[in-house]
Amino acid sequence: MILAAALCAIPGFCQSGPPVSFKNSARVHDLMRAGNLYLSLQDALALAIENNLDVEIQRYALEFGASELLRAQGGGTLRGLNYTLLEVPVGVGGPLSPVVTAAASGRPALGGAVSANALELGVLGEPQTSLSLLGAVPQSNGPAVPLFDPAISGQLNWTHQTAPQISSLTYGANALTTNTTLANAGIQRSFASGAQVGLNFNNSRTSLNALTSQYNPYTGSSLGLTVMQPLLRGFGSSLNRRFIRIAGNERKISSLLFRQQLTATVYGVIRIYTDFAALCEDEKVKQETLDLAQKLYADVKVQVDEGTLAPVELTRANAQVFSARQDLINARGLREEQEAILKNVLTRTGNEDPEVRSARVIPTDPLTVPDRDDVRPMQDLIQDALANRPDLGQGRLQVEDLRIGLEGSRNATLPEVDLVGVMQNNGLAGAANSLSTVAPGSAYLGGYGSVLDQIFARNNPTYGVGVQLSLPLRNRIAEADLARDELQVRQSQIRLRQLENQARLEVEDALIAMRRARSSYEAAVQARKLQEESLSAEQSKFEIGASTSFFVIQYESMLAQARSTEVAAASSYVKARAALARATGAILDENHISVAAAEKGR
């Protein structure tokens, strides 16, 4: 325990944070009133920032960049980042499943048909997006970088050894008994130039039963400095700090990946909230259509009972009631499915929380289409997208990282030429051997203090300098790695260009979608007004006996279709504006979202 506490006192050795919390933010319950969750779009975005698990995963990934930099500063290779991000589920009103505007009967429909089960459409899953330009095959590491963290080594050892001798003349004994105590220490450090330096202080104390030894016991010590400096492979500060430079970029990339995840989540919440609001409106339309059908049935029944209409008219009116009721059932089911998806996106616990599970979500922001679009020229919007989109920013940093890594691949093709230098001072001292018949000289008589005096006085120096050379006749491994890494850099440049072209296309597509949605909405509004007038006229004719229920039913169906189409068109316009904001990289600013606050879960 004491050792663990001491190690954790070293900066960066032990890092732990609070446990993961799966508790919803207080905002979820603050928005509850009478069992309903009243939700504006801004409330939905705030809940997503606080609770969405995709954002929370990427929030933890922000620290990956810091850990990568810490590892590189110690001289380690990098572990890399995860470039896979998750989108918000498509939802039952998403691109793969348009908001239903069709009626259950065989009337003409402008909307697409939707399965009764959202799972069958795959709209519950989260689409994944990988922003990695490198792909699955990593770049080669190149020559190993030196370890920049100094390391202290030590050795304390005592040995008792008895060795039988074939001749007593060598040591004056049939068995040589030796007691040796070693106490060694050293420190090693590497530098950005590639130099490796070691300072070692070695000590040994030996006592033995040899008659021929003039000193017993005796102490030998040495203080030595060893330096090795690569001259070709592994040489240079830029080369050996390349992982630190890449890790610095990865810190920026992790921040941009968080921003991209936040962008994807904000856009997804806007989309599914808009679809949910449209489904709620469409449910109201279906309810109003059912009310009209029931009123018509009641009017027809009165006239049939009076004998002014044939009984077949009552059958037609009754069929219309059940058809409208089926439309309402479908609309309500779609709204409930989208509501479940929305709750899962905005909370940490999904339907585990009974209060959230039972709550009815009430959207408070209506679907509004402004009178006119204030849109800048497309070329200006494209320039904004290229400058502001986080996916493009991190892509450029990836290309830069690959170019930095290429320095290592090139250097690995060079031969190894190392300059080695050694400088060492030695000392020896001991007591006169009482068993020896030969009197020792006075030069080495003494204790450990005498040993240290000899070392620092440099009485017994050792010097050496040399060059080590390793020149492979062929270096096909390094040459192949260099060739492949150069190709990967070019591929990454092409992939980056693809991302930029995709960004341009998304801006243009969003502008086209906005224009189309506005035109569709304006046409739908006019169609709905005309259908209301037509139904009103037909109802007036029916009341005076100049029309039949068949024609009234037909106009009611056409009005229901027109109202649903108007709702869908308004929804499409709102989503197209959000898509344009995402395409230009402005969606966070337009919704007043601070990335710094979002990083802290606010």
# chains A, B, ... in the order shown; residues from 1 in each chain; ligands from 1

$ closest_atom_pairs --of "region 309-425 of chain A" --to "region 193-207 of chain A" --cutoff "10 Å" --atoms "only C-alpha atoms" --output "JSON lines"
{"residue": "A:Asp418", "atom": "CA", "partner": "A:Ala195", "partner_atom": "CA", "distance": 9.3}
{"residue": "A:Leu419", "atom": "CA", "partner": "A:Ala195", "partner_atom": "CA", "distance": 9.2}
{"residue": "A:Val420", "atom": "CA", "partner": "A:Gln196", "partner_atom": "CA", "distance": 9.6}
{"residue": "A:Gly421", "atom": "CA", "partner": "A:Val197", "partner_atom": "CA", "distance": 9.7}
{"residue": "A:Val422", "atom": "CA", "partner": "A:Gly198", "partner_atom": "CA", "distance": 9.7}
{"residue": "A:Met423", "atom": "CA", "partner": "A:Leu199", "partner_atom": "CA", "distance": 9.7}
{"residue": "A:Gln424", "atom": "CA", "partner": "A:Asn200", "partner_atom": "CA", "distance": 9.2}
{"residue": "A:Asn425", "atom": "CA", "partner": "A:Phe201", "partner_atom": "CA", "distance": 9.8}

$ residues_around --residues "region 236-241 of chain A" --least-positions-apart "4" --cutoff "9 Å" --atoms "only C-alpha atoms" --output "list in words"
Ala72, Gln73, Gly75, Pro143, Ala144, Val145, Pro146, Phe191, Ala192, Ser193, Gly194, Pro230, Leu231, Leu232, Arg245, Ile246, Ile404, Gly405, Glu407, Gly408 and Asn411 of chain A

$ write_last_selection --atoms "C-alpha atoms" --output "compact mmCIF listing (two decimals), in the first residue's frame"
# COMPACT_ATOMS: atom_id res chain seq x y z
CA ALA A 72 5.06 10.33 -26.67
CA GLN A 73 6.88 12.68 -24.30
CA GLY A 75 9.49 8.16 -25.81
CA PRO A 143 13.28 3.63 -36.23
CA ALA A 144 12.60 3.40 -32.50
CA VAL A 145 12.65 6.72 -30.69
CA PRO A 146 14.76 6.98 -27.53
CA PHE A 191 17.84 12.90 -25.67
CA ALA A 192 16.02 14.20 -28.72
CA SER A 193 19.19 14.06 -30.82
CA GLY A 194 19.12 10.28 -30.34
CA PRO A 230 23.58 7.84 -33.75
CA LEU A 231 24.98 9.64 -36.76
CA LEU A 232 22.56 8.46 -39.49
CA ARG A 245 4.41 16.31 -32.89
CA ILE A 246 1.86 13.74 -34.02
CA ILE A 404 5.45 13.50 -40.15
CA GLY A 405 5.45 9.71 -39.82
CA GLU A 407 10.19 11.07 -41.83
CA GLY A 408 10.67 7.92 -39.76
CA ASN A 411 15.25 7.46 -41.88

$ closest_residue --among "A:Lys343, A:Leu445, A:Ala387, A:Ala586" --to "Leu39 (chain A)" --atoms "only C-alpha atoms"
A:Lys343

$ residues_around --residues "Asn318 (chain A)" --least-positions-apart "2" --cutoff "10 Å" --atoms "only C-alpha atoms" --output "PDB file with C-alpha atoms, in the first residue's frame"
ATOM      1  CA  ALA A 293     -66.088  11.427 -40.756  1.00  0.00           C
ATOM      2  CA  GLN A 294     -68.082  10.856 -37.561  1.00  0.00           C
ATOM      3  CA  LEU A 296     -70.788  13.047 -41.671  1.00  0.00           C
ATOM      4  CA  TYR A 297     -71.944   9.651 -40.426  1.00  0.00           C
ATOM      5  CA  ALA A 298     -74.232  11.316 -37.916  1.00  0.00           C
ATOM      6  CA  VAL A 300     -76.215  10.790 -43.038  1.00  0.00           C
ATOM      7  CA  LYS A 301     -77.868   8.653 -40.358  1.00  0.00           C
ATOM      8  CA  VAL A 312     -76.156   2.662 -48.912  1.00  0.00           C
ATOM      9  CA  GLU A 313     -75.077   6.222 -48.058  1.00  0.00           C
ATOM     10  CA  LEU A 314     -74.935   5.242 -44.390  1.00  0.00           C
ATOM     11  CA  THR A 315     -72.743   2.278 -45.251  1.00  0.00           C
ATOM     12  CA  ARG A 316     -70.363   4.525 -47.166  1.00  0.00           C
ATOM     13  CA  GLN A 320     -65.192   6.291 -43.976  1.00  0.00           C
ATOM     14  CA  VAL A 321     -65.290   6.412 -40.159  1.00  0.00           C
ATOM     15  CA  PHE A 322     -63.405   3.128 -39.840  1.00  0.00           C
ATOM     16  CA  SER A 323     -60.943   4.163 -42.554  1.00  0.00           C
ATOM     17  CA  ALA A 324     -60.231   7.448 -40.756  1.00  0.00           C
TER      18      ALA A 324
END

$ closest_residue --among "A:Ala503, A:Leu309, A:Ala568, A:Val92" --to "Ala546 (chain A)" --atoms "only C-alpha atoms"
A:Leu309

$ closest_residue --among "A:Leu469, A:Ala523, A:Ala151, A:Leu406" --to "Gly74 (chain A)" --atoms "only C-alpha atoms"
A:Ala151
